[in-house]
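Peer 1: The file below is run_37.cif, mmCIF, C-alpha atoms:
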```cif
data_target
#
loop_
_atom_site.group_PDB
_atom_site.id
_atom_site.type_symbol
_atom_site.label_atom_id
_atom_site.label_comp_id
_atom_site.auth_asym_id
_atom_site.auth_seq_id
_atom_site.Cartn_x
_atom_site.Cartn_y
_atom_site.Cartn_z
ATOM 1 C CA MET A 1 0.000 0.000 0.000
ATOM 2 C CA SER A 2 1.180 3.483 -0.722
ATOM 3 C CA CYS A 3 -1.992 5.509 -0.121
ATOM 4 C CA TYR A 4 -3.467 5.783 3.357
ATOM 5 C CA LEU A 5 -6.851 7.392 3.896
ATOM 6 C CA GLY A 6 -7.960 8.626 7.313
ATOM 7 C CA ILE A 7 -11.629 9.426 7.812
ATOM 8 C CA ASP A 8 -13.102 11.499 10.613
ATOM 9 C CA PRO A 9 -16.862 11.001 10.120
ATOM 10 C CA GLY A 10 -19.461 13.646 10.775
ATOM 11 C CA VAL A 11 -20.381 17.023 9.371
ATOM 12 C CA SER A 12 -17.298 18.737 10.813
ATOM 13 C CA GLY A 13 -14.974 15.827 9.988
ATOM 14 C CA GLY A 14 -12.966 15.215 6.894
ATOM 15 C CA PHE A 15 -10.531 13.073 4.949
ATOM 16 C CA GLY A 16 -6.777 12.921 5.364
ATOM 17 C CA VAL A 17 -4.511 11.348 2.757
ATOM 18 C CA VAL A 18 -0.923 10.282 3.403
ATOM 19 C CA GLY A 19 1.180 8.629 0.733
ATOM 20 C CA SER A 20 2.820 9.944 -2.419
ATOM 21 C CA GLU A 21 0.498 12.923 -1.906
ATOM 22 C CA LYS A 22 -0.387 14.404 1.458
ATOM 23 C CA TYR A 23 -3.520 16.509 1.833
ATOM 24 C CA VAL A 24 -6.778 16.994 3.719
ATOM 25 C CA GLU A 25 -10.323 17.522 2.522
ATOM 26 C CA PRO A 26 -13.295 18.686 4.611
ATOM 27 C CA MET A 27 -16.228 16.280 4.718
ATOM 28 C CA PRO A 28 -18.328 16.685 1.549
ATOM 29 C CA ASP A 29 -21.896 17.872 2.061
ATOM 30 C CA THR A 30 -23.879 14.992 0.562
ATOM 31 C CA GLU A 31 -23.648 11.221 0.225
ATOM 32 C CA LYS A 32 -23.273 11.655 -3.557
ATOM 33 C CA ASP A 33 -20.359 14.058 -3.023
ATOM 34 C CA ILE A 34 -18.735 11.549 -0.650
ATOM 35 C CA TRP A 35 -19.114 8.756 -3.194
ATOM 36 C CA ASP A 36 -17.778 10.905 -6.043
ATOM 37 C CA TRP A 37 -14.769 11.947 -3.953
ATOM 38 C CA ILE A 38 -13.852 8.429 -2.816
ATOM 39 C CA SER A 39 -14.551 6.601 -6.081
ATOM 40 C CA SER A 40 -12.664 9.051 -8.295
ATOM 41 C CA ARG A 41 -9.449 9.440 -6.291
ATOM 42 C CA PHE A 42 -8.291 6.070 -5.040
ATOM 43 C CA ASP A 43 -6.979 2.842 -6.521
ATOM 44 C CA PRO A 44 -8.401 -0.017 -4.433
ATOM 45 C CA GLU A 45 -5.223 -2.055 -5.036
ATOM 46 C CA ASP A 46 -3.070 0.672 -3.526
ATOM 47 C CA THR A 47 -5.250 2.196 -0.780
ATOM 48 C CA PHE A 48 -6.087 1.309 2.802
ATOM 49 C CA ALA A 49 -8.480 3.386 4.897
ATOM 50 C CA VAL A 50 -9.096 3.820 8.595
ATOM 51 C CA ILE A 51 -12.406 5.298 9.699
ATOM 52 C CA GLU A 52 -12.849 6.575 13.225
ATOM 53 C CA LYS A 53 -15.235 4.382 15.194
ATOM 54 C CA VAL A 54 -17.270 6.538 17.491
ATOM 55 C CA GLY A 55 -20.040 5.870 19.970
ATOM 56 C CA GLY A 56 -23.180 7.634 21.151
ATOM 57 C CA PHE A 57 -21.539 10.683 22.652
ATOM 58 C CA ILE A 58 -20.670 14.012 21.085
ATOM 59 C CA GLY A 59 -18.394 16.303 23.074
ATOM 60 C CA GLY A 60 -18.717 14.092 26.131
ATOM 61 C CA ASN A 61 -22.485 14.629 26.369
ATOM 62 C CA PRO A 62 -25.214 12.275 25.257
ATOM 63 C CA ALA A 63 -26.559 13.628 21.976
ATOM 64 C CA PRO A 64 -30.240 13.830 21.103
ATOM 65 C CA GLY A 65 -31.543 10.788 19.248
ATOM 66 C CA SER A 66 -32.021 12.711 15.998
ATOM 67 C CA ALA A 67 -28.396 13.899 15.984
ATOM 68 C CA MET A 68 -27.069 10.409 16.691
ATOM 69 C CA PHE A 69 -29.310 8.922 13.988
ATOM 70 C CA LYS A 70 -27.964 11.424 11.438
ATOM 71 C CA PHE A 71 -24.386 10.763 12.559
ATOM 72 C CA GLY A 72 -24.887 6.987 12.344
ATOM 73 C CA ALA A 73 -26.325 7.328 8.849
ATOM 74 C CA SER A 74 -23.252 9.336 7.801
ATOM 75 C CA PHE A 75 -20.912 6.734 9.327
ATOM 76 C CA GLY A 76 -22.768 3.968 7.463
ATOM 77 C CA ALA A 77 -22.636 5.914 4.195
ATOM 78 C CA LEU A 78 -18.863 6.302 4.534
ATOM 79 C CA ARG A 79 -18.426 2.569 5.198
ATOM 80 C CA MET A 80 -20.633 1.719 2.232
ATOM 81 C CA ALA A 81 -18.711 4.102 -0.060
ATOM 82 C CA LEU A 82 -15.450 2.384 0.905
ATOM 83 C CA THR A 83 -17.019 -1.055 0.407
ATOM 84 C CA ALA A 84 -18.506 -0.119 -2.976
ATOM 85 C CA ALA A 85 -15.150 1.330 -4.105
ATOM 86 C CA ASP A 86 -13.408 -1.935 -3.017
ATOM 87 C CA ILE A 87 -11.156 -0.022 -0.632
ATOM 88 C CA PRO A 88 -10.176 -2.154 2.371
ATOM 89 C CA PHE A 89 -10.685 -0.426 5.690
ATOM 90 C CA GLU A 90 -10.745 -0.818 9.432
ATOM 91 C CA ALA A 91 -12.794 1.091 11.999
ATOM 92 C CA ILE A 92 -10.801 2.084 15.085
ATOM 93 C CA THR A 93 -11.529 4.082 18.230
ATOM 94 C CA PRO A 94 -10.083 7.559 18.809
ATOM 95 C CA GLN A 95 -8.198 6.214 21.827
ATOM 96 C CA ARG A 96 -6.423 3.629 19.648
ATOM 97 C CA TRP A 97 -5.140 5.999 16.967
ATOM 98 C CA GLN A 98 -4.211 8.670 19.518
ATOM 99 C CA LYS A 99 -2.250 6.149 21.601
ATOM 100 C CA GLY A 100 -0.628 4.791 18.430
ATOM 101 C CA LEU A 101 0.666 8.280 17.625
ATOM 102 C CA GLY A 102 1.831 8.906 21.206
ATOM 103 C CA ILE A 103 -0.780 11.574 21.900
ATOM 104 C CA PRO A 104 -1.647 11.693 25.610
ATOM 105 C CA PRO A 105 -5.375 11.404 26.330
ATOM 106 C CA ARG A 106 -7.478 14.427 27.179
ATOM 107 C CA LYS A 107 -6.825 15.510 30.750
ATOM 108 C CA LYS A 108 -9.955 14.801 32.790
ATOM 109 C CA HIS A 109 -11.471 17.325 35.169
ATOM 110 C CA ASP A 110 -10.253 16.301 38.607
ATOM 111 C CA LYS A 111 -11.433 19.194 40.769
ATOM 112 C CA THR A 112 -14.741 20.749 41.743
ATOM 113 C CA ARG A 113 -15.526 24.378 42.436
ATOM 114 C CA THR A 114 -18.658 26.185 43.573
ATOM 115 C CA VAL A 115 -19.904 29.043 41.415
ATOM 116 C CA ARG A 116 -22.819 31.426 41.633
ATOM 117 C CA ILE A 117 -25.332 31.180 38.789
ATOM 118 C CA SER A 118 -25.586 34.538 37.003
ATOM 119 C CA LYS A 119 -28.450 33.947 34.546
ATOM 120 C CA GLY A 120 -31.810 32.270 34.236
ATOM 121 C CA LYS A 121 -34.362 31.128 36.770
ATOM 122 C CA ASN A 122 -31.665 29.934 39.209
ATOM 123 C CA LYS A 123 -29.808 33.257 39.205
ATOM 124 C CA GLY A 124 -28.137 33.889 42.554
ATOM 125 C CA ARG A 125 -28.020 30.233 43.571
ATOM 126 C CA TRP A 126 -24.856 28.197 43.827
ATOM 127 C CA ARG A 127 -23.850 25.096 41.885
ATOM 128 C CA SER A 128 -20.839 22.824 41.666
ATOM 129 C CA GLU A 129 -18.914 22.451 38.442
ATOM 130 C CA ARG A 130 -15.956 20.324 37.479
ATOM 131 C CA CYS A 131 -12.664 21.990 36.626
ATOM 132 C CA GLY A 132 -8.926 21.384 36.522
ATOM 133 C CA GLY A 133 -8.847 19.403 33.292
ATOM 134 C CA GLU A 134 -8.621 20.060 29.576
ATOM 135 C CA THR A 135 -11.598 21.404 27.651
ATOM 136 C CA SER A 136 -12.702 19.791 24.392
ATOM 137 C CA SER A 137 -11.549 22.921 22.589
ATOM 138 C CA ASP A 138 -8.091 22.777 24.192
ATOM 139 C CA PHE A 139 -7.759 19.092 23.302
ATOM 140 C CA LYS A 140 -8.744 19.782 19.671
ATOM 141 C CA LYS A 141 -6.109 22.550 19.572
ATOM 142 C CA ARG A 142 -3.524 20.068 20.848
ATOM 143 C CA LEU A 143 -4.479 17.560 18.128
ATOM 144 C CA ARG A 144 -4.285 20.288 15.481
ATOM 145 C CA SER A 145 -0.860 21.350 16.747
ATOM 146 C CA HIS A 146 0.345 17.729 16.597
ATOM 147 C CA ALA A 147 -0.864 17.431 12.979
ATOM 148 C CA GLN A 148 0.793 20.731 12.040
ATOM 149 C CA LYS A 149 4.118 19.522 13.444
ATOM 150 C CA LEU A 150 3.918 16.283 11.459
ATOM 151 C CA PHE A 151 2.731 17.990 8.263
ATOM 152 C CA PRO A 152 4.009 21.603 8.243
ATOM 153 C CA LYS A 153 3.246 22.110 4.529
ATOM 154 C CA ILE A 154 -0.451 21.217 4.850
ATOM 155 C CA LYS A 155 -3.066 23.744 5.976
ATOM 156 C CA VAL A 156 -4.602 21.898 8.925
ATOM 157 C CA THR A 157 -7.839 23.085 10.524
ATOM 158 C CA LYS A 158 -9.581 21.845 13.661
ATOM 159 C CA ASP A 159 -12.033 20.034 11.359
ATOM 160 C CA THR A 160 -9.370 18.193 9.349
ATOM 161 C CA ALA A 161 -6.669 17.574 11.973
ATOM 162 C CA ASP A 162 -8.145 14.274 13.202
ATOM 163 C CA ALA A 163 -8.503 12.900 9.664
ATOM 164 C CA LEU A 164 -4.859 13.661 8.877
ATOM 165 C CA LEU A 165 -3.693 12.097 12.139
ATOM 166 C CA ILE A 166 -5.837 9.015 11.471
ATOM 167 C CA ALA A 167 -4.229 8.701 8.016
ATOM 168 C CA GLU A 168 -0.781 8.911 9.619
ATOM 169 C CA PHE A 169 -1.779 6.216 12.107
ATOM 170 C CA CYS A 170 -3.024 4.127 9.169
ATOM 171 C CA ARG A 171 0.364 4.467 7.443
#
```
If you convert what's in this file into structure tokens, what do you get?

Peer 2:
Amino acid sequence: MSCYLGIDPGVSGGFGVVGSEKYVEPMPDTEKDIWDWISSRFDPEDTFAVIEKVGGFIGGNPAPGSAMFKFGASFGALRMALTAADIPFEAITPQRWQKGLGIPPRKKHDKTRTVRISKGKNKGRWRSERCGGETSSDFKKRLRSHAQKLFPKIKVTKDTADALLIAEFCR
């Protein structure tokens, strides 16, 4: 194999390609666009893909059923496009590819603080919130920085960083 395709599914995901060419592509808007992109660019004899296997959580919070249904449909469409294009692939968890690239996991919140609520019907009351860890945004910035260090000539965004790192893991 000389072409490795990393896929970060979802609307804000994308494709990363590492091989003789190295580039990223934001996730196309429609299933037809996804199919056209995959089927026109890759030789099944020379390509291997890794698609990120994700569960029922978005940003650490349970997502509404409609959002998860849409996300699952997108994940299935990506798998079917790879299957129809005869491109071999494997689905792996984010923890696996991050560990494989030596990226430490997101730092969990390990402290609690009490804050006064400033808006809404509970204004003036107190609540506990977790703190002391790494926010999702900070973790995404760290992943983007890691991708930029590995691929300084590629314009990496927060939406395409994971896909490029997955492609590097694939390689």

Peer 1: Quick one: everything within 6 Å of region 32-42 of chain A, counting all atoms listed in the file, minus sequence neighbours fewer than 2 positions away in the same chain. Send it as a ChimeraX atom specification.

Peer 2: /A:28,30,81,85

Peer 1: For the interface of region 13-102 of chain A with region 163-168 of chain A (cut-off 9 Å, counting only C-alpha atoms), please tabulate each contacting residue of region 13-102 of chain A alongside its nearest pair of atoms and their separation in Å to one decimal, rows sorted by chain and increasing number, as a tab-separated table.

Peer 2:
```
residue	atom	partner	partner_atom	distance
A:Gly13	CA	A:Ala163	CA	7.1
A:Gly14	CA	A:Ala163	CA	5.7
A:Phe15	CA	A:Ala163	CA	5.1
A:Gly16	CA	A:Leu164	CA	4.1
A:Val17	CA	A:Ala167	CA	5.9
A:Val18	CA	A:Ala167	CA	5.9
A:Lys22	CA	A:Leu164	CA	8.7
A:Tyr23	CA	A:Leu164	CA	7.7
A:Val24	CA	A:Leu164	CA	6.4
A:Glu25	CA	A:Ala163	CA	8.7
A:Ala49	CA	A:Ala167	CA	7.5
A:Val50	CA	A:Ile166	CA	6.8
A:Ile51	CA	A:Ile166	CA	7.8
A:Glu52	CA	A:Ile166	CA	7.6
A:Pro94	CA	A:Ile166	CA	8.6
A:Trp97	CA	A:Ile166	CA	6.3
A:Gln98	CA	A:Leu165	CA	8.2
A:Leu101	CA	A:Leu165	CA	8.0
```

Peer 1: I'd like to know which of A:Gly124, A:Pro104, A:Gly76, A:Pro88 is closest to Glu45 (chain A), using only C-alpha atoms.

Peer 2: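 Among the listed residues, A:Pro88 lies closest to Glu45 (chain A).
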
Peer 1: Could you list as a count of residues only every residue that has an atom within 9 Å of (-10.9, 14.2, 32.3), using the file's coordinates and counting only C-alpha atoms?

Peer 2: 10

Peer 1: Would you translate the PyMOL selection byres ((chain A and resi 78) around 10) into the concrete set of residues it matches in this file, as a CSV table (one decimal) with C-alpha atoms, in the frame of the given file?

Peer 2:
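Okay, this is what ended up in selection-v2.csv:
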```
chain,number,residue,atom,x,y,z
A,7,ILE,CA,-11.6,9.4,7.8
A,8,ASP,CA,-13.1,11.5,10.6
A,9,PRO,CA,-16.9,11.0,10.1
A,10,GLY,CA,-19.5,13.6,10.8
A,31,GLU,CA,-23.6,11.2,0.2
A,34,ILE,CA,-18.7,11.5,-0.6
A,35,TRP,CA,-19.1,8.8,-3.2
A,38,ILE,CA,-13.9,8.4,-2.8
A,51,ILE,CA,-12.4,5.3,9.7
A,72,GLY,CA,-24.9,7.0,12.3
A,73,ALA,CA,-26.3,7.3,8.8
A,74,SER,CA,-23.3,9.3,7.8
A,75,PHE,CA,-20.9,6.7,9.3
A,76,GLY,CA,-22.8,4.0,7.5
A,77,ALA,CA,-22.6,5.9,4.2
A,79,ARG,CA,-18.4,2.6,5.2
A,80,MET,CA,-20.6,1.7,2.2
A,81,ALA,CA,-18.7,4.1,-0.1
A,82,LEU,CA,-15.4,2.4,0.9
A,83,THR,CA,-17.0,-1.1,0.4
A,84,ALA,CA,-18.5,-0.1,-3.0
```

Peer 1: In terms of the shortest atom-to-atom distance over only C-alpha atoms, which of A:Gln95, A:Ser66, A:Thr160, A:Thr47 is closest to Leu5 (chain A)?

Peer 2: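 Closest to Leu5 (chain A) of all the choices is A:Thr47.
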
Peer 1: Would you work out the distance separating CA of Cys170 (chain A) from CA of Arg142 (chain A), expressed in Å to one decimal?

Peer 2: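 A separation of 19.8 Å between them.
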
Peer 1: Please report the interatomic distance between CA of Asp162 (chain A) and CA of Phe89 (chain A) in Å with one decimal.

Peer 2: 16.7 Å

Peer 1: For the atom pair CA of Gly19 (chain A) and CA of Met1 (chain A), what is the interatomic distance in Å to one decimal place?

Peer 2: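 Computing it gives 8.7 Å between the two atoms.
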
Peer 1: Using only the atoms of region 84-97 of chain A listed in the file, plus 5 Å on each side, state the axis-aligned box centre and edge lengths in Å rounded to one decimal, as AutoDock Vina command-line options.

Peer 2:
```
--center_x -11.8 --center_y 2.7 --center_z 8.9 --size_x 23.4 --size_y 19.7 --size_z 35.9
```

Peer 1: Apply the PyMOL selection byres ((chain A and resi 92) around 6) to the displayed file and report the matching residues as a PyMOL selection string.

Peer 2: chain A and resi 52-53+91+93

Peer 1: Given all atoms listed in the file as the basis, pick out the residue of A:Pro152, A:Lys123, A:Ala67, A:Ile103 nearest to Phe139 (chain A).

Peer 2: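 Using all atoms listed in the file, the shortest distance to Phe139 (chain A) belongs to A:Ile103.
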
Peer 1: Taking all atoms listed in the file into account, name the residue in A:Ser128, A:Met27, A:Arg171, A:Arg96 that is nearest to Tyr4 (chain A).

Peer 2: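 Nearest candidate to Tyr4 (chain A) out of A:Ser128, A:Met27, A:Arg171, A:Arg96: A:Arg171.
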
Peer 1: Here is a test: counting only C-alpha atoms, which residue of A:Val11, A:Leu143, A:Ala161, A:Cys131 is nearest to Lys70 (chain A)?

Peer 2: A:Val11

Peer 1: Write out N, CA, C and O atoms for region 156-169 of chain A, as a PDB file, keeping the file's coordinate frame.

Peer 2:
```
ATOM      1  N   VAL A 156      -3.800  22.754   8.055  1.00  0.00           N
ATOM      2  CA  VAL A 156      -4.602  21.898   8.925  1.00  0.00           C
ATOM      3  C   VAL A 156      -5.565  22.774   9.712  1.00  0.00           C
ATOM      4  O   VAL A 156      -5.165  23.766  10.301  1.00  0.00           O
ATOM      5  N   THR A 157      -6.838  22.384   9.728  1.00  0.00           N
ATOM      6  CA  THR A 157      -7.839  23.085  10.524  1.00  0.00           C
ATOM      7  C   THR A 157      -8.291  22.162  11.657  1.00  0.00           C
ATOM      8  O   THR A 157      -7.980  20.969  11.653  1.00  0.00           O
ATOM      9  N   LYS A 158      -9.071  22.698  12.580  1.00  0.00           N
ATOM     10  CA  LYS A 158      -9.581  21.845  13.661  1.00  0.00           C
ATOM     11  C   LYS A 158     -10.494  20.763  13.106  1.00  0.00           C
ATOM     12  O   LYS A 158     -10.607  19.690  13.679  1.00  0.00           O
ATOM     13  N   ASP A 159     -11.138  21.022  11.961  1.00  0.00           N
ATOM     14  CA  ASP A 159     -12.033  20.034  11.359  1.00  0.00           C
ATOM     15  C   ASP A 159     -11.291  18.925  10.612  1.00  0.00           C
ATOM     16  O   ASP A 159     -11.824  17.837  10.454  1.00  0.00           O
ATOM     17  N   THR A 160     -10.087  19.199  10.139  1.00  0.00           N
ATOM     18  CA  THR A 160      -9.370  18.193   9.349  1.00  0.00           C
ATOM     19  C   THR A 160      -8.191  17.560  10.076  1.00  0.00           C
ATOM     20  O   THR A 160      -7.609  16.597   9.581  1.00  0.00           O
ATOM     21  N   ALA A 161      -7.838  18.077  11.240  1.00  0.00           N
ATOM     22  CA  ALA A 161      -6.669  17.574  11.973  1.00  0.00           C
ATOM     23  C   ALA A 161      -6.805  16.086  12.304  1.00  0.00           C
ATOM     24  O   ALA A 161      -5.879  15.303  12.082  1.00  0.00           O
ATOM     25  N   ASP A 162      -7.961  15.678  12.831  1.00  0.00           N
ATOM     26  CA  ASP A 162      -8.145  14.274  13.202  1.00  0.00           C
ATOM     27  C   ASP A 162      -7.985  13.360  11.995  1.00  0.00           C
ATOM     28  O   ASP A 162      -7.341  12.318  12.074  1.00  0.00           O
ATOM     29  N   ALA A 163      -8.579  13.733  10.864  1.00  0.00           N
ATOM     30  CA  ALA A 163      -8.503  12.900   9.664  1.00  0.00           C
ATOM     31  C   ALA A 163      -7.051  12.705   9.221  1.00  0.00           C
ATOM     32  O   ALA A 163      -6.643  11.591   8.857  1.00  0.00           O
ATOM     33  N   LEU A 164      -6.264  13.757   9.266  1.00  0.00           N
ATOM     34  CA  LEU A 164      -4.859  13.661   8.877  1.00  0.00           C
ATOM     35  C   LEU A 164      -4.079  12.786   9.853  1.00  0.00           C
ATOM     36  O   LEU A 164      -3.252  11.958   9.441  1.00  0.00           O
ATOM     37  N   LEU A 165      -4.365  12.932  11.140  1.00  0.00           N
ATOM     38  CA  LEU A 165      -3.693  12.097  12.139  1.00  0.00           C
ATOM     39  C   LEU A 165      -4.114  10.636  12.006  1.00  0.00           C
ATOM     40  O   LEU A 165      -3.293   9.726  12.170  1.00  0.00           O
ATOM     41  N   ILE A 166      -5.380  10.386  11.682  1.00  0.00           N
ATOM     42  CA  ILE A 166      -5.837   9.015  11.471  1.00  0.00           C
ATOM     43  C   ILE A 166      -5.128   8.403  10.268  1.00  0.00           C
ATOM     44  O   ILE A 166      -4.722   7.249  10.289  1.00  0.00           O
ATOM     45  N   ALA A 167      -4.951   9.194   9.204  1.00  0.00           N
ATOM     46  CA  ALA A 167      -4.229   8.701   8.016  1.00  0.00           C
ATOM     47  C   ALA A 167      -2.782   8.366   8.366  1.00  0.00           C
ATOM     48  O   ALA A 167      -2.236   7.350   7.914  1.00  0.00           O
ATOM     49  N   GLU A 168      -2.153   9.198   9.188  1.00  0.00           N
ATOM     50  CA  GLU A 168      -0.781   8.911   9.619  1.00  0.00           C
ATOM     51  C   GLU A 168      -0.737   7.654  10.451  1.00  0.00           C
ATOM     52  O   GLU A 168       0.170   6.822  10.291  1.00  0.00           O
ATOM     53  N   PHE A 169      -1.691   7.448  11.344  1.00  0.00           N
ATOM     54  CA  PHE A 169      -1.779   6.216  12.107  1.00  0.00           C
ATOM     55  C   PHE A 169      -1.942   5.029  11.149  1.00  0.00           C
ATOM     56  O   PHE A 169      -1.305   3.988  11.329  1.00  0.00           O
TER      57      PHE A 169
END
```
